[in-house]
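Just below is one structure, and these are the notes that go with it.
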Amino acid sequence: MGKVTKTKRLDHLGLVMGTIREFNVIELVDEKLGNHEQNHVTTGEAVAAMVLNGLGFVSRPLSLTPQFFATKALDILFGHEIEPEDLNRHRLGRVLDQIHEYGCELLFSQISTHICNTINLDQTFTSLDTTSFSVFGKYDSDSDQHEIKITHGYSKAHRPDLKQAMLELVTSQDGGIPLMMRCLDGNASDNKVFQARCRELITSFQQSEGLRYLVGDSKVYHQDNIENLSAIKFITRIPKTYQEEKKAVEASIANDKWLKLNEENQYYEHKLNHLGIEQRWFVMNSKAANTRAETSINRAIAKEFQAIEKILLKLGKQEFVCELDAKEAFKHLLGKFTYHELILNALIPFEKYQGVGRPKKDGALMKRFYRIQAIVACSVLVRQAKLVSKSAYVIGTNSTEKELSPSEVIEAYKNQNASIERGFRFLKDPQFFVSSFYLKKPSRIMSLLMIMTLSLLLYSAMQRHLRKVLKEKEKTLPNQINQEIKNPTMRWIFQIMEGVDVVYTQIKDKIQREIMGITQLREKIIRLFYPPVCSIYFPNKS
């Protein structure tokens with residue numbers, strides 16, 4: 001009987017490291033960045049460690065990485081003995097410097113291209129957007145041309161009090177896999193960023209087999225970017241700043257010939273040549289958008305009605321010497337309100353006599369005047385038109401009917417929220433590298449953003465693989481309320497895997513390792529992943 005010397009945690013980190021091994025990320029990084037023979041931990045292993053730290057969801061800064069790994073089975077994860085102190089902030093900081101020197105965007109692109117080719121990713125629909133990350137502390141403004149400027153700008157993170165860095169992300173709608181990333185100055189303009197990226201995508205799209213589409217929000221569709229858009233296929237939101245957009249919405253309201261997309265959505269198709277490009281515009285209207293718009297409009301109607309009541313109360317107390325003056329005063333109020341109409345109900349004559357009380361028969365008439373009595377009516381037609389106008393938005397594309405049907409265009413646009421926006425939410429999770437933004441060098445912040453995006457890439461690839469295998473094998477996994485589903489999130493899978501430990505037992509002069517906590521459900525999950533994942537959790541099984 002041996003003596004238990006220690007217990008280390010494995011949990012879900014075996015899934016992550018197995019995926020890293022499956023795609024040879026460590027070897028690829030070592031090949032690109034090189035490695036000094038005196039380093040006990042290679043450059044690729046240091047990158048893998050930072051990814052494990054990020055996907056550990058424990059909100060530890062890089063300086064506390066040794067604390068994170070102190071309780072982890074590093075020998076199982078990395079395949080050889082590694083001490084937590086081998087992953088200290090100095091070693092990881094030097095690796096961040098290496099990444100920046102090599103090129104953050106270049107290294108990520110090479111890893112992403114390798115993984116995408118390995119999994120045969122469908123890149124037909126590509127989404128583009130930017131987001132901001134708040135940072136802390138002071139930064140050197142005299143940075144070189146290869147460093148971003150940490151500065152104030154429009155804060156998409158809703159922290160205008162903090163300086164920030166920007167991240168541009170290009171993702172595939174197939175699994176939300178990041179394809180490209182770029183670190184930007186904190187005050188970078190979306191319009192200029194999108195123009196530059198569109199120019200780069202032209203060559204990439206033209207060299208691809210089959211059609212590829214850029215799916216973006218309204219900032220992609222800009223007068224200054226139209227030359228680039230005319231060279232590729234695009235699907236984008238049309239900005240409300242264009243008069244043609246308003247006319248398209250008005251035409252949909254006037255014609256009232258909506259086409260039903262599904263139970264929740266309807267659309268109106270509008271063909272035109274805009275900015276020199278033949279396009280199809282789809283005016284979208286949905287029940288959910290109508291509900292939101294209705295709440296907003298009802299609030300505006302109530303506010304306007306209260307304002308009218310005050311005006312009419314004041315107007316009703318005024319005394320007009322003749323009917324013409326009263327009508328002129330009332331006329332000035334007409335057409336000033338959006339949702340309400342004022343109707344002149346009556347001009348009530350009044351006579352005022354000298355003295356107090358009931359006028360005497362021979363009492364002298366002091367003056368005669370008129371007061372206005374009006375009725376307020378809410379315009380049903382205006383309300384309905386405003387409801388449609390406020391809830392409607394326009395999706396534009398230069399694809400033809402033969403290339404994409406209306407439903408395919410609309411679905412592609414809506415799916416960008418499921419890909420790139422979900423990726424941004426993932427990166428901004430409060431438990432994901434949040435404290436690491438106390439880094440003081442802009443170059444290291446750029447490298448950290450690359451590591452974060454690489455973590456998103458691996459996370460998305462794992463989730464895509466799991467859902468694909470479940471669908472192909474017609475299997476399911478239980479969700480949080482124990483219902484069987486085919487599309488679990490990796491975050492939930494990570495939670496299921498909590499409780500897998502490695503027990504180290506000393507028998508004579510040897511240390512034996514035994515992995516504990518592999519339940520039937522956990523084994524089912526492990527078997528759904530790549531062979532390197534199975535080799536981590538079942539080292540003694542084929």
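Just remember, in the structure tokens the first chain shown is A, the second B, etc., residues are 1-based per chain, and ligands are 1-based in the order shown.
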Mind listing the strand (DSSP E) residues of range 91-330 of chain A, per DSSP on the backbone, as a ChimeraX atom specification? /A:125-135,163-172,177-184,213-216,233-237,259-260,265-274,277-286
Which neighbours of Ser460 in chain A fall inside 9 Å, counting only C-alpha atoms, when residues of the same chain fewer than 2 positions from it are skipped, and could you give them as number ranges by chain? A: 175-178, 423, 455-458, 462-465, 490
My list of candidates is A:Leu10, A:Ala412, A:Ala377, A:Leu107. Which is closest to Ile518 in chain A when distances are computed with only C-alpha atoms? A:Leu10
Filtered DSSP result for range 163-300 of chain A, state helix (DSSP H, G or I), as a PDB file with C-alpha atoms, in the first residue's frame:
ATOM      1  CA  ASP A 190     -14.022  52.236 -37.299  1.00  0.00           C
ATOM      2  CA  ASN A 191     -14.531  53.678 -40.782  1.00  0.00           C
ATOM      3  CA  LYS A 192     -10.795  53.775 -41.507  1.00  0.00           C
ATOM      4  CA  VAL A 193     -10.252  50.362 -39.938  1.00  0.00           C
ATOM      5  CA  PHE A 194     -12.961  48.775 -42.067  1.00  0.00           C
ATOM      6  CA  GLN A 195     -11.639  50.427 -45.235  1.00  0.00           C
ATOM      7  CA  ALA A 196      -8.167  49.024 -44.629  1.00  0.00           C
ATOM      8  CA  ARG A 197      -9.484  45.543 -43.849  1.00  0.00           C
ATOM      9  CA  CYS A 198     -11.758  45.512 -46.892  1.00  0.00           C
ATOM     10  CA  ARG A 199      -8.777  46.308 -49.125  1.00  0.00           C
ATOM     11  CA  GLU A 200      -6.924  43.343 -47.643  1.00  0.00           C
ATOM     12  CA  LEU A 201      -9.912  41.016 -48.007  1.00  0.00           C
ATOM     13  CA  ILE A 202     -10.311  41.721 -51.724  1.00  0.00           C
ATOM     14  CA  THR A 203      -7.280  39.610 -52.680  1.00  0.00           C
ATOM     15  CA  SER A 204      -8.179  36.898 -50.181  1.00  0.00           C
ATOM     16  CA  PHE A 205     -11.745  36.625 -51.486  1.00  0.00           C
ATOM     17  CA  GLN A 206     -10.670  36.603 -55.119  1.00  0.00           C
ATOM     18  CA  GLN A 207      -8.227  33.733 -54.508  1.00  0.00           C
ATOM     19  CA  SER A 218     -23.542  49.753 -40.894  1.00  0.00           C
ATOM     20  CA  LYS A 219     -20.032  51.212 -40.499  1.00  0.00           C
ATOM     21  CA  VAL A 220     -18.810  48.924 -43.284  1.00  0.00           C
ATOM     22  CA  GLN A 223     -19.121  56.369 -49.091  1.00  0.00           C
ATOM     23  CA  ASP A 224     -15.332  56.266 -48.602  1.00  0.00           C
ATOM     24  CA  ASN A 225     -15.368  52.451 -48.599  1.00  0.00           C
ATOM     25  CA  ILE A 226     -17.587  51.941 -51.620  1.00  0.00           C
ATOM     26  CA  GLU A 227     -14.686  51.275 -54.009  1.00  0.00           C
ATOM     27  CA  ASN A 228     -13.623  48.321 -51.860  1.00  0.00           C
ATOM     28  CA  LEU A 229     -17.181  47.037 -51.432  1.00  0.00           C
ATOM     29  CA  GLN A 243     -32.079  59.230 -47.600  1.00  0.00           C
ATOM     30  CA  GLU A 244     -32.499  56.122 -49.750  1.00  0.00           C
ATOM     31  CA  GLU A 245     -32.728  54.037 -46.574  1.00  0.00           C
ATOM     32  CA  LYS A 246     -35.591  56.163 -45.301  1.00  0.00           C
ATOM     33  CA  LYS A 247     -37.322  55.977 -48.689  1.00  0.00           C
ATOM     34  CA  ALA A 248     -37.040  52.187 -48.695  1.00  0.00           C
ATOM     35  CA  VAL A 249     -38.670  51.992 -45.261  1.00  0.00           C
ATOM     36  CA  GLU A 250     -41.384  54.448 -46.318  1.00  0.00           C
ATOM     37  CA  ALA A 251     -42.050  52.409 -49.472  1.00  0.00           C
ATOM     38  CA  SER A 252     -42.470  49.255 -47.400  1.00  0.00           C
ATOM     39  CA  ILE A 253     -44.996  51.034 -45.193  1.00  0.00           C
ATOM     40  CA  ALA A 254     -46.885  52.558 -48.130  1.00  0.00           C
ATOM     41  CA  ASN A 255     -47.063  49.357 -50.188  1.00  0.00           C
ATOM     42  CA  LYS A 287     -42.411  41.079 -33.637  1.00  0.00           C
ATOM     43  CA  ALA A 288     -39.595  41.506 -31.138  1.00  0.00           C
ATOM     44  CA  ALA A 289     -38.502  44.795 -32.720  1.00  0.00           C
ATOM     45  CA  ASN A 290     -42.123  45.951 -32.835  1.00  0.00           C
ATOM     46  CA  THR A 291     -42.512  45.219 -29.136  1.00  0.00           C
ATOM     47  CA  ARG A 292     -39.421  47.258 -28.280  1.00  0.00           C
ATOM     48  CA  ALA A 293     -40.493  50.082 -30.585  1.00  0.00           C
ATOM     49  CA  GLU A 294     -44.023  50.054 -29.181  1.00  0.00           C
ATOM     50  CA  THR A 295     -42.728  50.524 -25.649  1.00  0.00           C
ATOM     51  CA  SER A 296     -40.582  53.439 -26.783  1.00  0.00           C
ATOM     52  CA  ILE A 297     -43.346  55.076 -28.826  1.00  0.00           C
ATOM     53  CA  ASN A 298     -45.944  54.712 -26.065  1.00  0.00           C
ATOM     54  CA  ARG A 299     -43.527  56.471 -23.734  1.00  0.00           C
ATOM     55  CA  ALA A 300     -43.035  59.256 -26.286  1.00  0.00           C
TER      56      ALA A 300
END
Would you mind telling me which residue in A:Tyr242, A:Phe108, A:Gly335, A:Thr124 lies nearest to Met180 in chain A when using only C-alpha atoms?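 Of the candidates, the smallest distance to Met180 in chain A is held by A:Phe108.
Neighbours of Lys524 in chain A closer than or equal to 12 Å, with only C-alpha atoms counted and sequence neighbours fewer than 4 positions away skipped, come out as A:Leu466, A:Val469, A:Leu470, A:Lys475, A:Thr476, A:Leu477, A:Pro478, A:Ile493, A:Ile496, A:Met497, A:Ile518, A:Thr519, A:Gln520, A:Leu528, A:Phe529, A:Cys534, A:Tyr537.
Across the model, the gap from CA of Leu313 in chain A to CA of His340 in chain A is 16.1 Å.
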Grab the CA of Phe68 in chain A to CA of Gly56 in chain A distance for me, in Å with one decimal place.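 CA of Gly56 in chain A lies 8.6 Å from CA of Phe68 in chain A.
Closest approach to Gly186 in chain A from the set A:Lys386, A:Lys233, A:Lys149, A:Arg21 is made by A:Lys149, with distances taken over only C-alpha atoms.
Computed from the coordinates, the CA of Val388 in chain A to CA of Tyr339 in chain A distance equals 14.1 Å.
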Rank nothing, just name the residue among A:Arg513, A:Arg89, A:Lys331, A:Lys441 nearest to Glu147 in chain A, using only C-alpha atoms.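 Nearest to Glu147 in chain A: A:Lys441.
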For Pro531 in chain A, find every residue with an atom within 12 Å (counting only C-alpha atoms), except residues of its own chain fewer than 2 positions away, and show them as JSON, numbers by chain. {"A": [14, 15, 17, 18, 19, 20, 21, 22, 23, 526, 527, 528, 529, 533, 534, 535, 536, 537, 538, 539, 541, 542]}
Which of these residues is nearest to Ala46 in chain A, using only C-alpha atoms: A:Ser189, A:Asn88, A:Ser230, A:Gln279?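 Using only C-alpha atoms, Ala46 in chain A sits closest to A:Asn88.
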